Structures are given as C-alpha cells and as structure tokens.
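S.K.: This one is upload-v4.txt, compact mmCIF, N, CA, C and O atoms.
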```txt
# COMPACT_ATOMS: atom_id res chain seq x y z
N VAL A 1 23.68 18.17 7.31
CA VAL A 1 22.28 17.82 7.48
C VAL A 1 21.59 18.02 6.14
O VAL A 1 21.63 19.11 5.57
N ILE A 2 20.96 16.98 5.62
CA ILE A 2 20.22 17.04 4.37
C ILE A 2 18.73 17.12 4.69
O ILE A 2 18.20 16.32 5.45
N GLY A 3 18.06 18.12 4.12
CA GLY A 3 16.63 18.30 4.31
C GLY A 3 15.92 18.08 2.99
O GLY A 3 16.48 18.30 1.92
N VAL A 4 14.68 17.65 3.08
CA VAL A 4 13.86 17.41 1.88
C VAL A 4 12.51 18.08 2.10
O VAL A 4 11.85 17.83 3.10
N ALA A 5 12.13 18.95 1.17
CA ALA A 5 10.80 19.58 1.20
C ALA A 5 10.01 19.00 0.04
O ALA A 5 10.33 19.23 -1.12
N PHE A 6 8.98 18.23 0.38
CA PHE A 6 8.15 17.55 -0.62
C PHE A 6 6.75 18.12 -0.57
O PHE A 6 6.11 18.12 0.47
N ASP A 7 6.26 18.62 -1.69
CA ASP A 7 4.92 19.18 -1.79
C ASP A 7 4.12 18.34 -2.78
O ASP A 7 4.24 18.52 -4.00
N LEU A 8 3.33 17.40 -2.27
CA LEU A 8 2.56 16.52 -3.16
C LEU A 8 1.52 17.28 -3.94
O LEU A 8 1.26 16.97 -5.10
N GLY A 9 0.94 18.33 -3.34
CA GLY A 9 -0.06 19.13 -4.04
C GLY A 9 0.50 19.78 -5.29
O GLY A 9 -0.15 19.83 -6.34
N ALA A 10 1.72 20.29 -5.20
CA ALA A 10 2.38 20.93 -6.35
C ALA A 10 3.20 19.93 -7.15
O ALA A 10 3.64 20.23 -8.26
N GLY A 11 3.45 18.76 -6.55
CA GLY A 11 4.27 17.75 -7.22
C GLY A 11 5.74 18.13 -7.28
O GLY A 11 6.44 17.78 -8.22
N SER A 12 6.21 18.87 -6.25
CA SER A 12 7.60 19.36 -6.28
C SER A 12 8.44 18.76 -5.16
O SER A 12 7.93 18.33 -4.13
N LEU A 13 9.76 18.77 -5.38
CA LEU A 13 10.72 18.20 -4.44
C LEU A 13 11.97 19.08 -4.44
O LEU A 13 12.56 19.34 -5.47
N THR A 14 12.34 19.57 -3.25
CA THR A 14 13.51 20.43 -3.09
C THR A 14 14.41 19.86 -2.01
O THR A 14 13.92 19.43 -0.96
N PHE A 15 15.71 19.86 -2.24
CA PHE A 15 16.68 19.38 -1.26
C PHE A 15 17.41 20.56 -0.62
O PHE A 15 17.63 21.59 -1.26
N TYR A 16 17.79 20.38 0.65
CA TYR A 16 18.51 21.39 1.41
C TYR A 16 19.76 20.76 2.03
O TYR A 16 19.75 19.58 2.38
N LYS A 17 20.82 21.55 2.15
CA LYS A 17 22.04 21.11 2.84
C LYS A 17 22.35 22.16 3.89
O LYS A 17 22.57 23.33 3.56
N ASN A 18 22.35 21.72 5.15
CA ASN A 18 22.59 22.62 6.28
C ASN A 18 21.71 23.86 6.22
O ASN A 18 22.15 24.98 6.47
N GLY A 19 20.44 23.67 5.88
CA GLY A 19 19.46 24.75 5.88
C GLY A 19 19.42 25.59 4.62
O GLY A 19 18.57 26.47 4.50
N SER A 20 20.32 25.37 3.66
CA SER A 20 20.36 26.15 2.42
C SER A 20 19.87 25.31 1.25
O SER A 20 20.31 24.17 1.08
N THR A 21 18.97 25.88 0.45
CA THR A 21 18.43 25.15 -0.69
C THR A 21 19.53 24.76 -1.67
O THR A 21 20.47 25.51 -1.91
N GLN A 22 19.39 23.59 -2.23
CA GLN A 22 20.29 23.11 -3.27
C GLN A 22 19.59 23.17 -4.63
O GLN A 22 20.08 22.63 -5.61
N GLY A 23 18.44 23.81 -4.64
CA GLY A 23 17.66 23.94 -5.87
C GLY A 23 16.52 22.94 -5.88
O GLY A 23 16.51 21.96 -5.14
N THR A 24 15.56 23.20 -6.71
CA THR A 24 14.41 22.32 -6.85
C THR A 24 14.79 21.15 -7.75
O THR A 24 15.20 21.36 -8.89
N ALA A 25 14.67 19.95 -7.23
CA ALA A 25 15.00 18.75 -8.01
C ALA A 25 13.91 18.43 -9.02
O ALA A 25 14.19 18.06 -10.15
N VAL A 26 12.65 18.58 -8.60
CA VAL A 26 11.50 18.35 -9.47
C VAL A 26 10.52 19.48 -9.21
O VAL A 26 10.08 19.67 -8.09
N ALA A 27 10.19 20.27 -10.25
CA ALA A 27 9.32 21.43 -10.07
C ALA A 27 7.84 21.05 -10.08
O ALA A 27 7.03 21.70 -9.44
N SER A 28 7.48 20.01 -10.82
CA SER A 28 6.09 19.56 -10.85
C SER A 28 6.04 18.18 -11.49
O SER A 28 7.00 17.74 -12.12
N GLY A 29 4.92 17.50 -11.29
CA GLY A 29 4.74 16.22 -11.96
C GLY A 29 4.75 15.00 -11.06
O GLY A 29 4.37 13.92 -11.49
N ILE A 30 5.16 15.14 -9.80
CA ILE A 30 5.11 14.00 -8.89
C ILE A 30 3.66 13.81 -8.45
O ILE A 30 3.02 14.76 -8.01
N SER A 31 3.16 12.61 -8.56
CA SER A 31 1.78 12.36 -8.16
C SER A 31 1.62 10.90 -7.75
O SER A 31 2.52 10.10 -7.93
N GLY A 32 0.46 10.59 -7.19
CA GLY A 32 0.16 9.22 -6.80
C GLY A 32 0.72 8.88 -5.44
O GLY A 32 1.00 9.75 -4.62
N THR A 33 0.90 7.59 -5.18
CA THR A 33 1.43 7.11 -3.91
C THR A 33 2.95 7.24 -3.92
O THR A 33 3.59 6.87 -4.90
N VAL A 34 3.50 7.77 -2.85
CA VAL A 34 4.94 8.01 -2.76
C VAL A 34 5.49 7.25 -1.57
O VAL A 34 4.89 7.24 -0.49
N PHE A 35 6.64 6.59 -1.73
CA PHE A 35 7.30 5.86 -0.66
C PHE A 35 8.69 6.43 -0.43
O PHE A 35 9.54 6.30 -1.32
N PRO A 36 8.94 7.06 0.72
CA PRO A 36 10.30 7.55 1.01
C PRO A 36 11.28 6.38 1.06
O PRO A 36 10.94 5.29 1.51
N TYR A 37 12.51 6.61 0.60
CA TYR A 37 13.52 5.57 0.57
C TYR A 37 14.88 6.20 0.76
O TYR A 37 15.17 7.24 0.20
N ALA A 38 15.73 5.57 1.54
CA ALA A 38 17.11 6.02 1.72
C ALA A 38 18.00 4.79 1.80
O ALA A 38 17.56 3.72 2.23
N SER A 39 19.24 4.93 1.38
CA SER A 39 20.16 3.80 1.36
C SER A 39 21.57 4.28 1.68
O SER A 39 21.90 5.44 1.49
N THR A 40 22.39 3.37 2.18
CA THR A 40 23.79 3.67 2.45
C THR A 40 24.67 2.67 1.72
O THR A 40 24.19 1.67 1.17
N TYR A 41 25.94 2.94 1.74
CA TYR A 41 26.91 2.04 1.11
C TYR A 41 27.93 1.62 2.16
O TYR A 41 28.43 2.45 2.92
N GLY A 42 28.22 0.35 2.22
CA GLY A 42 29.23 -0.15 3.16
C GLY A 42 28.82 0.04 4.60
O GLY A 42 27.73 -0.34 5.01
N THR A 43 29.68 0.69 5.38
CA THR A 43 29.43 0.88 6.82
C THR A 43 28.86 2.25 7.14
O THR A 43 28.76 2.62 8.30
N ASP A 44 28.47 3.03 6.10
CA ASP A 44 27.86 4.33 6.35
C ASP A 44 26.56 4.16 7.11
O ASP A 44 25.91 3.12 7.04
N SER A 45 26.16 5.19 7.83
CA SER A 45 24.88 5.16 8.54
C SER A 45 24.28 6.55 8.56
O SER A 45 24.95 7.54 8.30
N PHE A 46 22.99 6.64 8.89
CA PHE A 46 22.31 7.92 8.98
C PHE A 46 21.09 7.77 9.87
O PHE A 46 20.68 6.66 10.19
N ALA A 47 20.51 8.90 10.25
CA ALA A 47 19.28 8.91 11.03
C ALA A 47 18.27 9.77 10.28
O ALA A 47 18.63 10.80 9.71
N ILE A 48 17.02 9.34 10.26
CA ILE A 48 15.96 10.09 9.60
C ILE A 48 15.07 10.70 10.68
O ILE A 48 14.59 10.01 11.56
N ASN A 49 14.88 12.02 10.59
CA ASN A 49 14.04 12.74 11.53
C ASN A 49 12.88 13.34 10.77
O ASN A 49 13.04 14.28 10.00
N CYS A 50 11.69 12.80 10.97
CA CYS A 50 10.49 13.32 10.31
C CYS A 50 9.71 14.27 11.22
O CYS A 50 8.55 14.55 10.99
N GLY A 51 10.37 14.75 12.27
CA GLY A 51 9.74 15.68 13.19
C GLY A 51 9.53 15.11 14.57
O GLY A 51 9.02 15.78 15.46
N GLN A 52 9.95 13.86 14.80
CA GLN A 52 9.81 13.26 16.13
C GLN A 52 10.79 13.89 17.12
O GLN A 52 10.63 13.76 18.32
N GLN A 53 11.81 14.59 16.60
CA GLN A 53 12.77 15.35 17.40
C GLN A 53 12.84 16.75 16.79
O GLN A 53 12.47 16.93 15.62
N PRO A 54 13.34 17.74 17.52
CA PRO A 54 13.47 19.08 16.92
C PRO A 54 14.38 19.04 15.69
O PRO A 54 15.37 18.31 15.66
N PHE A 55 14.02 19.80 14.66
CA PHE A 55 14.84 19.88 13.46
C PHE A 55 16.09 20.71 13.74
O PHE A 55 16.05 21.68 14.50
N ALA A 56 17.20 20.37 13.09
CA ALA A 56 18.44 21.14 13.22
C ALA A 56 18.29 22.51 12.57
O ALA A 56 18.91 23.48 13.00
N TYR A 57 17.46 22.60 11.52
CA TYR A 57 17.22 23.85 10.79
C TYR A 57 15.72 24.04 10.64
O TYR A 57 14.97 23.08 10.54
N THR A 58 15.28 25.29 10.60
CA THR A 58 13.87 25.60 10.46
C THR A 58 13.37 25.14 9.09
O THR A 58 14.00 25.43 8.08
N PRO A 59 12.24 24.42 9.04
CA PRO A 59 11.69 24.00 7.75
C PRO A 59 11.32 25.22 6.90
O PRO A 59 11.03 26.30 7.44
N PRO A 60 11.30 25.07 5.57
CA PRO A 60 10.88 26.18 4.71
C PRO A 60 9.45 26.61 5.04
O PRO A 60 8.65 25.82 5.54
N SER A 61 9.13 27.83 4.75
CA SER A 61 7.80 28.37 5.00
C SER A 61 6.73 27.50 4.34
O SER A 61 6.85 27.12 3.17
N GLY A 62 5.70 27.15 5.12
CA GLY A 62 4.60 26.35 4.59
C GLY A 62 4.77 24.85 4.73
O GLY A 62 3.87 24.09 4.42
N PHE A 63 5.95 24.40 5.21
CA PHE A 63 6.20 22.97 5.39
C PHE A 63 6.19 22.60 6.86
O PHE A 63 6.58 23.40 7.71
N VAL A 64 5.72 21.39 7.16
CA VAL A 64 5.63 20.91 8.53
C VAL A 64 6.22 19.51 8.62
O VAL A 64 6.51 18.87 7.61
N ALA A 65 6.38 19.02 9.84
CA ALA A 65 6.90 17.67 10.07
C ALA A 65 5.96 16.63 9.48
O ALA A 65 4.76 16.84 9.37
N LEU A 66 6.54 15.49 9.10
CA LEU A 66 5.75 14.37 8.60
C LEU A 66 5.35 13.52 9.80
O LEU A 66 6.14 12.74 10.33
N ASN A 67 4.13 13.71 10.27
CA ASN A 67 3.62 12.93 11.39
C ASN A 67 2.09 12.85 11.31
O ASN A 67 1.47 13.53 10.50
N THR A 68 1.50 12.02 12.13
CA THR A 68 0.05 11.81 12.08
C THR A 68 -0.73 13.10 12.30
O THR A 68 -1.72 13.35 11.64
N TYR A 69 -0.26 13.96 13.21
CA TYR A 69 -0.96 15.21 13.52
C TYR A 69 -1.10 16.10 12.29
O TYR A 69 -2.11 16.75 12.10
N ASN A 70 -0.08 16.14 11.45
CA ASN A 70 -0.07 17.03 10.30
C ASN A 70 -0.67 16.43 9.02
O ASN A 70 -0.68 17.08 7.99
N MET A 71 -1.16 15.20 9.10
CA MET A 71 -1.69 14.58 7.88
C MET A 71 -3.16 14.83 7.72
O MET A 71 -3.94 14.99 8.49
```
So that I can check it, write out the structure of this file as structure tokens.
M.R.:
Amino acid sequence: VIGVAFDLGAGSLTFYKNGSTQGTAVASGISGTVFPYASTYGTDSFAINCGQQPFAYTPPSGFVALNTYNM
C-alpha cells in the first residue's frame, strides 16, 4: 500500500509504503494548482482511495482524507 501525504501549505510531499515513511520527496516549494496523476504499465492496475473507504493504515498526524468535507 502506497500512501501520499501532501501539505500544500508547507509545499511538502512525503510517500509511505505499508504505513512507514519512505522519506520526504519534496520538503518545500510546491505551490499553485496541483493535479494528482497516476499511471500503470501494460496490464498493471491499482485503486486510489482518497478516503471514500477506510484507509489500510492510519494517516500521519495532521493529515485527513481528500474529500469535500475536509476542503
């Protein structure tokens, strides 16, 4: 399970694998309009859960699901 913690206010992006941080990919500097994007190769597939279903792992402290209620 790959998790993404995105903080637009701080401009940071951190990735998680099975609930464990893989380090901060970008510490600061992300700004403006952001469009999430994911891609596969060949017959690979995946599902994206932005909080419409329970998360497999607890989100990091201070982060919430991406949905209308939390915006």
S.K.: Using all atoms listed in the file, which residues sit within 8 Å of A:Ala5 once same-chain residues fewer than 5 positions away are excluded, as number ranges by chain?
M.R.: A: 11-16, 23-26, 59-60, 63-64
S.K.: For the atom pair atom O of A:Asn70 and atom O of A:Ile30, what is the interatomic distance in Å to one decimal place?
M.R.: 16.6 Å
S.K.: Would you compute the distance between atom CA of A:Gly51 and atom O of A:Asn67? Give it in Å to one decimal.
M.R.: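 Separation between atom CA of A:Gly51 and atom O of A:Asn67: 9.0 Å.
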S.K.: Check chain A with DSSP on the backbone and list each residue it calls strand (DSSP E or B), as a PyMOL selection string.
M.R.: chain A and resi 2-7+12-17+20-26
S.K.: May I have the residues from that selection written out with N, CA, C and O atoms, as an mmCIF file, in the frame of the given file?
M.R.:
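As a result, again01.cif now contains:
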```
data_model
loop_
_atom_site.group_PDB
_atom_site.id
_atom_site.type_symbol
_atom_site.label_atom_id
_atom_site.label_comp_id
_atom_site.auth_asym_id
_atom_site.auth_seq_id
_atom_site.Cartn_x
_atom_site.Cartn_y
_atom_site.Cartn_z
ATOM 1 N N ILE A 2 20.960 16.980 5.620
ATOM 2 C CA ILE A 2 20.220 17.040 4.370
ATOM 3 C C ILE A 2 18.730 17.120 4.690
ATOM 4 O O ILE A 2 18.200 16.320 5.450
ATOM 5 N N GLY A 3 18.060 18.120 4.120
ATOM 6 C CA GLY A 3 16.630 18.300 4.310
ATOM 7 C C GLY A 3 15.920 18.080 2.990
ATOM 8 O O GLY A 3 16.480 18.300 1.920
ATOM 9 N N VAL A 4 14.680 17.650 3.080
ATOM 10 C CA VAL A 4 13.860 17.410 1.880
ATOM 11 C C VAL A 4 12.510 18.080 2.100
ATOM 12 O O VAL A 4 11.850 17.830 3.100
ATOM 13 N N ALA A 5 12.130 18.950 1.170
ATOM 14 C CA ALA A 5 10.800 19.580 1.200
ATOM 15 C C ALA A 5 10.010 19.000 0.040
ATOM 16 O O ALA A 5 10.330 19.230 -1.120
ATOM 17 N N PHE A 6 8.980 18.230 0.380
ATOM 18 C CA PHE A 6 8.150 17.550 -0.620
ATOM 19 C C PHE A 6 6.750 18.120 -0.570
ATOM 20 O O PHE A 6 6.110 18.120 0.470
ATOM 21 N N ASP A 7 6.260 18.620 -1.690
ATOM 22 C CA ASP A 7 4.920 19.180 -1.790
ATOM 23 C C ASP A 7 4.120 18.340 -2.780
ATOM 24 O O ASP A 7 4.240 18.520 -4.000
ATOM 25 N N SER A 12 6.210 18.870 -6.250
ATOM 26 C CA SER A 12 7.600 19.360 -6.280
ATOM 27 C C SER A 12 8.440 18.760 -5.160
ATOM 28 O O SER A 12 7.930 18.330 -4.130
ATOM 29 N N LEU A 13 9.760 18.770 -5.380
ATOM 30 C CA LEU A 13 10.720 18.200 -4.440
ATOM 31 C C LEU A 13 11.970 19.080 -4.440
ATOM 32 O O LEU A 13 12.560 19.340 -5.470
ATOM 33 N N THR A 14 12.340 19.570 -3.250
ATOM 34 C CA THR A 14 13.510 20.430 -3.090
ATOM 35 C C THR A 14 14.410 19.860 -2.010
ATOM 36 O O THR A 14 13.920 19.430 -0.960
ATOM 37 N N PHE A 15 15.710 19.860 -2.240
ATOM 38 C CA PHE A 15 16.680 19.380 -1.260
ATOM 39 C C PHE A 15 17.410 20.560 -0.620
ATOM 40 O O PHE A 15 17.630 21.590 -1.260
ATOM 41 N N TYR A 16 17.790 20.380 0.650
ATOM 42 C CA TYR A 16 18.510 21.390 1.410
ATOM 43 C C TYR A 16 19.760 20.760 2.030
ATOM 44 O O TYR A 16 19.750 19.580 2.380
ATOM 45 N N LYS A 17 20.820 21.550 2.150
ATOM 46 C CA LYS A 17 22.040 21.110 2.840
ATOM 47 C C LYS A 17 22.350 22.160 3.890
ATOM 48 O O LYS A 17 22.570 23.330 3.560
ATOM 49 N N SER A 20 20.320 25.370 3.660
ATOM 50 C CA SER A 20 20.360 26.150 2.420
ATOM 51 C C SER A 20 19.870 25.310 1.250
ATOM 52 O O SER A 20 20.310 24.170 1.080
ATOM 53 N N THR A 21 18.970 25.880 0.450
ATOM 54 C CA THR A 21 18.430 25.150 -0.690
ATOM 55 C C THR A 21 19.530 24.760 -1.670
ATOM 56 O O THR A 21 20.470 25.510 -1.910
ATOM 57 N N GLN A 22 19.390 23.590 -2.230
ATOM 58 C CA GLN A 22 20.290 23.110 -3.270
ATOM 59 C C GLN A 22 19.590 23.170 -4.630
ATOM 60 O O GLN A 22 20.080 22.630 -5.610
ATOM 61 N N GLY A 23 18.440 23.810 -4.640
ATOM 62 C CA GLY A 23 17.660 23.940 -5.870
ATOM 63 C C GLY A 23 16.520 22.940 -5.880
ATOM 64 O O GLY A 23 16.510 21.960 -5.140
ATOM 65 N N THR A 24 15.560 23.200 -6.710
ATOM 66 C CA THR A 24 14.410 22.320 -6.850
ATOM 67 C C THR A 24 14.790 21.150 -7.750
ATOM 68 O O THR A 24 15.200 21.360 -8.890
ATOM 69 N N ALA A 25 14.670 19.950 -7.230
ATOM 70 C CA ALA A 25 15.000 18.750 -8.010
ATOM 71 C C ALA A 25 13.910 18.430 -9.020
ATOM 72 O O ALA A 25 14.190 18.060 -10.150
ATOM 73 N N VAL A 26 12.650 18.580 -8.600
ATOM 74 C CA VAL A 26 11.500 18.350 -9.470
ATOM 75 C C VAL A 26 10.520 19.480 -9.210
ATOM 76 O O VAL A 26 10.080 19.670 -8.090
#
```
S.K.: Report, in Å to a single decimal, how far apart atom C of A:Val4 and atom CA of A:Ala65 are.
M.R.: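 Result for atom CA of A:Ala65 versus atom C of A:Val4: 9.8 Å, one decimal.
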S.K.: Name the closest residue to A:Gln22 among the candidates A:Ala47, A:Gly3, A:Pro36, A:Thr58; distances are taken between atoms, counting only N, CA, C and O atoms.
M.R.: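 Among the listed residues, the smallest separation from A:Gln22 belongs to A:Gly3.
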S.K.: Would you mind writing stretch 47-58 of chain A with all heavy atoms, as a compact mmCIF listing (two decimals), keeping the file's coordinate frame?
M.R.:
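Dumped to selection02.txt:
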```txt
# COMPACT_ATOMS: atom_id res chain seq x y z
N ALA A 47 20.51 8.90 10.25
CA ALA A 47 19.28 8.91 11.03
C ALA A 47 18.27 9.77 10.28
O ALA A 47 18.63 10.80 9.71
CB ALA A 47 19.53 9.49 12.41
N ILE A 48 17.02 9.34 10.26
CA ILE A 48 15.96 10.09 9.60
C ILE A 48 15.07 10.70 10.68
O ILE A 48 14.59 10.01 11.56
CB ILE A 48 15.13 9.18 8.67
CG1 ILE A 48 16.02 8.66 7.54
CG2 ILE A 48 13.92 9.94 8.12
CD1 ILE A 48 15.33 7.68 6.62
N ASN A 49 14.88 12.02 10.59
CA ASN A 49 14.04 12.74 11.53
C ASN A 49 12.88 13.34 10.77
O ASN A 49 13.04 14.28 10.00
CB ASN A 49 14.86 13.84 12.22
CG ASN A 49 14.02 14.67 13.18
OD1 ASN A 49 12.88 14.34 13.47
ND2 ASN A 49 14.60 15.76 13.67
N CYS A 50 11.69 12.80 10.97
CA CYS A 50 10.49 13.32 10.31
C CYS A 50 9.71 14.27 11.22
O CYS A 50 8.55 14.55 10.99
CB CYS A 50 9.59 12.16 9.88
SG CYS A 50 10.33 11.15 8.59
N GLY A 51 10.37 14.75 12.27
CA GLY A 51 9.74 15.68 13.19
C GLY A 51 9.53 15.11 14.57
O GLY A 51 9.02 15.78 15.46
N GLN A 52 9.95 13.86 14.80
CA GLN A 52 9.81 13.26 16.13
C GLN A 52 10.79 13.89 17.12
O GLN A 52 10.63 13.76 18.32
CB GLN A 52 9.97 11.74 16.07
CG GLN A 52 11.36 11.24 15.77
CD GLN A 52 11.68 11.14 14.28
OE1 GLN A 52 11.13 11.85 13.46
NE2 GLN A 52 12.61 10.27 13.94
N GLN A 53 11.81 14.59 16.60
CA GLN A 53 12.77 15.35 17.40
C GLN A 53 12.84 16.75 16.79
O GLN A 53 12.47 16.93 15.62
CB GLN A 53 14.14 14.69 17.36
CG GLN A 53 14.15 13.28 17.89
CD GLN A 53 15.47 12.56 17.59
OE1 GLN A 53 16.36 13.09 16.93
NE2 GLN A 53 15.59 11.35 18.07
N PRO A 54 13.34 17.74 17.52
CA PRO A 54 13.47 19.08 16.92
C PRO A 54 14.38 19.04 15.69
O PRO A 54 15.37 18.31 15.66
CB PRO A 54 14.11 19.90 18.04
CG PRO A 54 13.78 19.17 19.30
CD PRO A 54 13.73 17.71 18.92
N PHE A 55 14.02 19.80 14.66
CA PHE A 55 14.84 19.88 13.46
C PHE A 55 16.09 20.71 13.74
O PHE A 55 16.05 21.68 14.50
CB PHE A 55 14.07 20.50 12.31
CG PHE A 55 12.96 19.64 11.77
CD1 PHE A 55 11.65 20.09 11.75
CD2 PHE A 55 13.23 18.38 11.27
CE1 PHE A 55 10.63 19.29 11.24
CE2 PHE A 55 12.23 17.57 10.76
CZ PHE A 55 10.92 18.04 10.74
N ALA A 56 17.20 20.37 13.09
CA ALA A 56 18.44 21.14 13.22
C ALA A 56 18.29 22.51 12.57
O ALA A 56 18.91 23.48 13.00
CB ALA A 56 19.59 20.37 12.59
N TYR A 57 17.46 22.60 11.52
CA TYR A 57 17.22 23.85 10.79
C TYR A 57 15.72 24.04 10.64
O TYR A 57 14.97 23.08 10.54
CB TYR A 57 17.89 23.82 9.41
CG TYR A 57 19.39 23.65 9.50
CD1 TYR A 57 19.98 22.40 9.44
CD2 TYR A 57 20.20 24.76 9.70
CE1 TYR A 57 21.35 22.25 9.56
CE2 TYR A 57 21.58 24.62 9.82
CZ TYR A 57 22.14 23.36 9.74
OH TYR A 57 23.50 23.22 9.88
N THR A 58 15.28 25.29 10.60
CA THR A 58 13.87 25.60 10.46
C THR A 58 13.37 25.14 9.09
O THR A 58 14.00 25.43 8.08
CB THR A 58 13.64 27.12 10.60
OG1 THR A 58 14.15 27.53 11.87
CG2 THR A 58 12.17 27.47 10.51
```
